[in-house]
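*Asks:* Quick one: the structure is below, questions incoming.
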Amino acid sequence: MEIKKEIEILRKELQQHDYVYYVLAQPKISDFEYDKKLKRLEKLEQSHPEYITPDSPTQRVSGEPTKEFANIRHRVPMLSLANTYSEQELRDFDKRIKGLLEPEETYEYVTELKIDGLAVSLVFENGIFVRGTTRGDGITGDDITNNLRTIKSIPLRLIQYDDAFHDVEVRGEVYMPHGSFIRLNKKREEDGEPLFANPRNSAAGSLKMQDARLVAERGLDIFCYQLIDHTYPVKIPNHFEALEQLKRLGLPVNSSACKCQTIEEVLSYCHEWETKRDTLPYEIDGVVIKVNDPSQQIRLGSTAKSLRWAISFKFKARQVKTKIEKITWQVGRTGAVTPVAELAPVHIAGTVVSRATLHNPEEIERKDIREGDAVLVEKGGDIIPKVVQVLEKERDSPSKRYQIPKNCPICQTVLKRSEDEAALRCPNYNCKAQIVRRIEHFSSRGAMDIEGLGSAAVEMLVNNNLIRDISDLYQLKKGQISELEGLGEKSAENLISGLEKSKKQTLDRLIFALGIPYVGVTAARILAEYFRDMDLLVSADQTFLEQLFGIGEKIAESISDFFTGDENRKILEKLRDAGVNFKGSEEKAGDLFNGKSFVLTGTLQGMTRDEASKMIINQGGKVTSSVSKATNFVLAGENPGSKLDEAKNLGIIIIDEREFMKMVAK
Ligand code: IVH
């Protein structure tokens with residue numbers, strides 16, 4: 001057979017097999033036979049690269065890692081839906097629909113499972129998958145085509161495609177099935193990497209990875225729920241038929257969609273799935289309810305943010321009963337001492353939960369939480385599980401009220417309780433736990449990212465009195481480390497080279513790594529961008545810091561306190577002597593706003609306020625948070641606040657976004 005023909009036939013066959021395997025879950029041939037065909041195709045394509053096409057099943061994982069995802073504007077905005085948690089609100093929604101349509105007009109709903117993942121848009125041109133984007137802010141999203149191509153249930157070429165569908169956009173939810181999630185976290189645990197809190201977070205993390213080869217290993221999947229035909233927008237009679245059409249095109253569609261004639265039917269669908277959600281191999285967080293008829297959808301329209309013809313009914317967070325085996329206390333890097341409930345392990349939403357935060361001593365007292373109590377634990381979308389209720393009736397009779405400790409569990413120093421009695425604090429700056437936590441933070445991924453210095457190594461180094469603060473790290477000698485039990489020659493080498501590399505980290509990371517209370521990643525970036533030099537930051541005046549956009553009083557005071565301390569100054573000197581980078585990037589776009597001071601107010605359309613302030617700083621200007629006589633310009637977006645009036649009163653120049661962009665473009 002002619003090679004080109006054989007390639008085409010193999011491709012068609014493999015595409016069909018992908019479809020029945022990944023979309024319908026009804027494989028027709030064995031994995032062995034499938035692999036044989038794939039290998040044959042690979043071989044033919046290798047010897048005839050001129051025949052390789054982007055939709056070939058061999059091309060799912062291709063291309064170089066992406067440095068930065070391109071920003072793409074959605075042709076139709078990706079709006080979100082209003083949420084409701086109660087039956088009453090759903091009935092109100094139905095009344096609203098009825099009221100907005102003509103009297104006596106009939107309507108029906110389609111109910112679907114609300115998959116807990118991330119919305120994406122897939123564009124098919126002439127049947128070929130050409131582009132995939134994240135929802136982003138609904139107006140523009142990131143181009144993650146290469147990552148989405150690795151999801152095997154997304155056809156690289158539509159099935160049963162005819163010319164009528166030559167320009168379609170499909171929207172759906174990318175999710176991580178429980179099986180993939182458990183496998184991924186198990187591997188991360190083995191590799192000593194931080195675990196993902198839930199399948200949604202891990203799907204989000206996976207889609208943002210720059211290397212598609214790694215995404216392919218994450219086992220992501222998708223359900224499609226919206227078809228936008230850009231050529232014939234009104235051809236599909238209703239939403240339910242659109243779902244059927246998506247299936248015919250070869251896209252994965254969840255099979256639970258249902259037509260409902262009344263709100264009672266909708267409610268019973270919601271309740272049915274709230275009880276059945278744990279039987280699914282993926283996470284759902286509610287039900288989406290949509291008006292079926294597209295002409296009614298158009299008449300119902302949308303508000304600025306969400307559609308009026310659809311709503312999502314969110315399930316309540318899952319609660320599971322378990323027992324508090326013990327209450328332990330954790331000392332954080334700033335000395336905060338927080339209670340943790342050590343639980344009898346239970347499964348909730350794909351993870352095993354064995355600890356829950358109890359927030360603070362006040363919470364324990366108020367809820368009268370005791371060791372040995374049976375409790376209800378809840379895990380919502382958030383990361384840390386919570387104890388929501390004590391089941392007092394199940395208490396063993398001679399149970400005692402829990403006594404809040406008076407001394408630090410680590411250094412035994414007498415603990416201090418805050419004025420409102422809520423928080424507990426260990427005032428001993430040299431408490432070993434605080435030392436360990438500070439160094440862990442310094443070394444962590446978002447900070448100095450020191451290879452070879454995980455929690456266990458930090459603890460070992462501190463316990464053996466080799467380090468007391470972050471600057472001691474850079475004095476470590478290979479021989480000292482390799483002598484420690486469990487570390488050895490290789491780990492010592494790794495750590496020394498990791499430390500060496502970390503000296504070149506950027507200024508924003510160093511600022512964040514110092515662990516100044518309230519200075520998170522964002523504040524650290526702002527400070528690095530503005531000062532571009534550690535020494536300038538150290539000597540900055542508190543009132544000046546307060547004025548910086550995004551900093552404010554609390555952070556400014558904390559920075560000022562931190563750099564006034566002798567101890568911290570000494571640490572900084574030692575870091576400098578060790579050769580740690582203290583300089584920010586030299587690059588500045590220009591001097592356009594040299595010495596000029598801006599205040600931003602209201603919502604900007606084409607950029608965020610953060611982006612605008614970066615542009616100003618990059619041109620030598622300054623962004624402050626309140627208007628004064630020293631302000632040169634007020635950049636006002638939509639719905640500006642009182643700052644606009646203040647500017648008018650003081651006679652300060654007010655510019656809008658267009659004028660600002662003109663200034664920058666000059
Ligand atoms: S419809 C009509 N259907 O939930 C367009 N959304 O705010 C609006 N989601 O952003 C979305 N499953 O990320 C729709 N079957 C489903 C869905 C679904 C999950 C997500 C989607 C959307 C959010 C609703």
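A note on labels: chains of the structure tokens are A, B, ... as shown, every chain counts residues from 1, and ligands are counted from 1 in their shown order.
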Taking only C-alpha atoms and all ligand atoms into account, report as a ChimeraX atom specification which residues have an atom no farther than 10 Å from an atom of ligand 1.
*Replies:* /A:77-83,110-120,134-135,138,171-175,222-227,239,253-254,256-257,284-291,297,306-314
*Asks:* Where in range 249-306 of chain A does DSSP assign helix (DSSP H, G or I), given as a list in words?
*Replies:*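 So, restricting range 249-306 of chain A to helix (DSSP H, G or I), we get Ile263, Glu264, Glu265, Val266, Leu267, Ser268, Tyr269, Cys270, His271, Glu272, Trp273, Glu274, Thr275, Lys276, Arg277, Asp278, Thr279, Pro294, Ser295, Gln296, Gln297, Ile298, Arg299 and Leu300 of chain A.
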*Asks:* Please report, as a ChimeraX atom specification, each residue of range 547-605 of chain A to which DSSP assigns strand (DSSP E or B) when run on this structure's backbone.
*Replies:* /A:548,583,597-601,603
*Asks:* Mind checking which residues fall within 10 Å of Gly552 in chain A, counting only C-alpha atoms, ignoring those fewer than 5 positions away in the same chain, and posting them as a list in words?
*Replies:* Ala523, Gln542, Thr543, Phe544, Leu545, Glu546, Gln547, Glu557, Thr624 and Ser625 of chain A
*Asks:* With N, CA and C atoms retained, export the selected residues as a PDB file, in the first residue's frame.
*Replies:*
ATOM      1  N   ALA A 523       3.603  41.875  48.194  1.00  0.00           N
ATOM      2  CA  ALA A 523       4.253  43.048  48.785  1.00  0.00           C
ATOM      3  C   ALA A 523       5.751  43.018  48.476  1.00  0.00           C
ATOM      4  N   GLN A 542       9.199  54.874  57.393  1.00  0.00           N
ATOM      5  CA  GLN A 542       7.902  54.199  57.539  1.00  0.00           C
ATOM      6  C   GLN A 542       6.759  54.970  56.856  1.00  0.00           C
ATOM      7  N   THR A 543       6.756  56.293  57.020  1.00  0.00           N
ATOM      8  CA  THR A 543       5.652  57.064  56.401  1.00  0.00           C
ATOM      9  C   THR A 543       5.738  57.000  54.882  1.00  0.00           C
ATOM     10  N   PHE A 544       6.948  56.922  54.381  1.00  0.00           N
ATOM     11  CA  PHE A 544       7.104  56.804  52.936  1.00  0.00           C
ATOM     12  C   PHE A 544       6.575  55.442  52.462  1.00  0.00           C
ATOM     13  N   LEU A 545       6.940  54.394  53.186  1.00  0.00           N
ATOM     14  CA  LEU A 545       6.492  53.035  52.821  1.00  0.00           C
ATOM     15  C   LEU A 545       4.963  52.953  52.787  1.00  0.00           C
ATOM     16  N   GLU A 546       4.340  53.596  53.786  1.00  0.00           N
ATOM     17  CA  GLU A 546       2.881  53.581  53.884  1.00  0.00           C
ATOM     18  C   GLU A 546       2.211  54.091  52.630  1.00  0.00           C
ATOM     19  N   GLN A 547       2.877  55.044  52.002  1.00  0.00           N
ATOM     20  CA  GLN A 547       2.296  55.693  50.831  1.00  0.00           C
ATOM     21  C   GLN A 547       2.350  54.828  49.575  1.00  0.00           C
ATOM     22  N   GLU A 557       4.639  49.397  58.967  1.00  0.00           N
ATOM     23  CA  GLU A 557       5.101  49.360  60.354  1.00  0.00           C
ATOM     24  C   GLU A 557       5.931  48.097  60.600  1.00  0.00           C
ATOM     25  N   THR A 624       1.214  56.191  45.029  1.00  0.00           N
ATOM     26  CA  THR A 624       0.871  56.260  46.444  1.00  0.00           C
ATOM     27  C   THR A 624      -0.614  55.995  46.623  1.00  0.00           C
ATOM     28  N   SER A 625      -1.001  55.724  47.869  1.00  0.00           N
ATOM     29  CA  SER A 625      -2.385  55.302  48.057  1.00  0.00           C
ATOM     30  C   SER A 625      -3.323  56.461  48.401  1.00  0.00           C
TER      31      SER A 625
END
*Asks:* When you count only C-alpha atoms, which of these residues is closest to Gly488 in chain A: A:Gly452, A:Pro281, A:Gly515, A:Pro409?
*Replies:*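 Nearest candidate to Gly488 in chain A out of A:Gly452, A:Pro281, A:Gly515, A:Pro409: A:Gly452.
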*Asks:* Can you build me a table of range 12-104 of chain A residues sitting at most 12 Å from range 122-129 of chain A, with the closest atom pair per residue and its distance in Å to one decimal, using only C-alpha atoms, sorted by chain and residue number, as CSV?
*Replies:*
residue,atom,partner,partner_atom,distance
A:Thr53,CA,A:Ile128,CA,10.4
A:Pro54,CA,A:Ile128,CA,8.7
A:Asp55,CA,A:Ile128,CA,6.8
A:Ser56,CA,A:Ile128,CA,10.4
A:Arg60,CA,A:Phe129,CA,11.1
A:Ile72,CA,A:Val123,CA,11.9
A:His74,CA,A:Val123,CA,10.3
A:Arg75,CA,A:Val123,CA,10.4
A:Val76,CA,A:Val123,CA,11.9
*Asks:* Which residue out of A:Ile144, A:Pro252, A:Leu604, A:Ile236 has the minimum interatomic distance to Tyr21 in chain A when only C-alpha atoms are used?
*Replies:*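 That would be A:Pro252, the residue with the smallest distance to Tyr21 in chain A.
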*Asks:* Check which residues of range 607-632 of chain A sit at most 10 Å from range 582-598 of chain A using only C-alpha atoms, and return one row each with the closest pair of atoms and their distance in Å to one decimal, ordered by chain and rising number, as a Markdown table.
*Replies:*
| residue | atom | partner | partner_atom | distance |
| --- | --- | --- | --- | --- |
| A:Ser613 | CA | A:Phe598 | CA | 8.4 |
| A:Met615 | CA | A:Ala589 | CA | 8.2 |
| A:Ile616 | CA | A:Phe593 | CA | 6.7 |
| A:Ile617 | CA | A:Phe593 | CA | 8.0 |
| A:Asn618 | CA | A:Lys588 | CA | 5.2 |
| A:Gln619 | CA | A:Gly590 | CA | 4.7 |
| A:Gly620 | CA | A:Asn594 | CA | 4.4 |
| A:Gly621 | CA | A:Phe593 | CA | 4.5 |
| A:Lys622 | CA | A:Ser597 | CA | 4.8 |
| A:Val623 | CA | A:Phe598 | CA | 4.7 |
| A:Thr624 | CA | A:Phe598 | CA | 6.2 |
| A:Ser625 | CA | A:Phe598 | CA | 8.5 |
| A:Ser626 | CA | A:Phe598 | CA | 9.2 |
| A:Val627 | CA | A:Phe598 | CA | 8.5 |
| A:Ser628 | CA | A:Ser597 | CA | 9.8 |
| A:Ala630 | CA | A:Ser597 | CA | 7.1 |
| A:Thr631 | CA | A:Ser597 | CA | 5.1 |
| A:Asn632 | CA | A:Ser597 | CA | 5.2 |
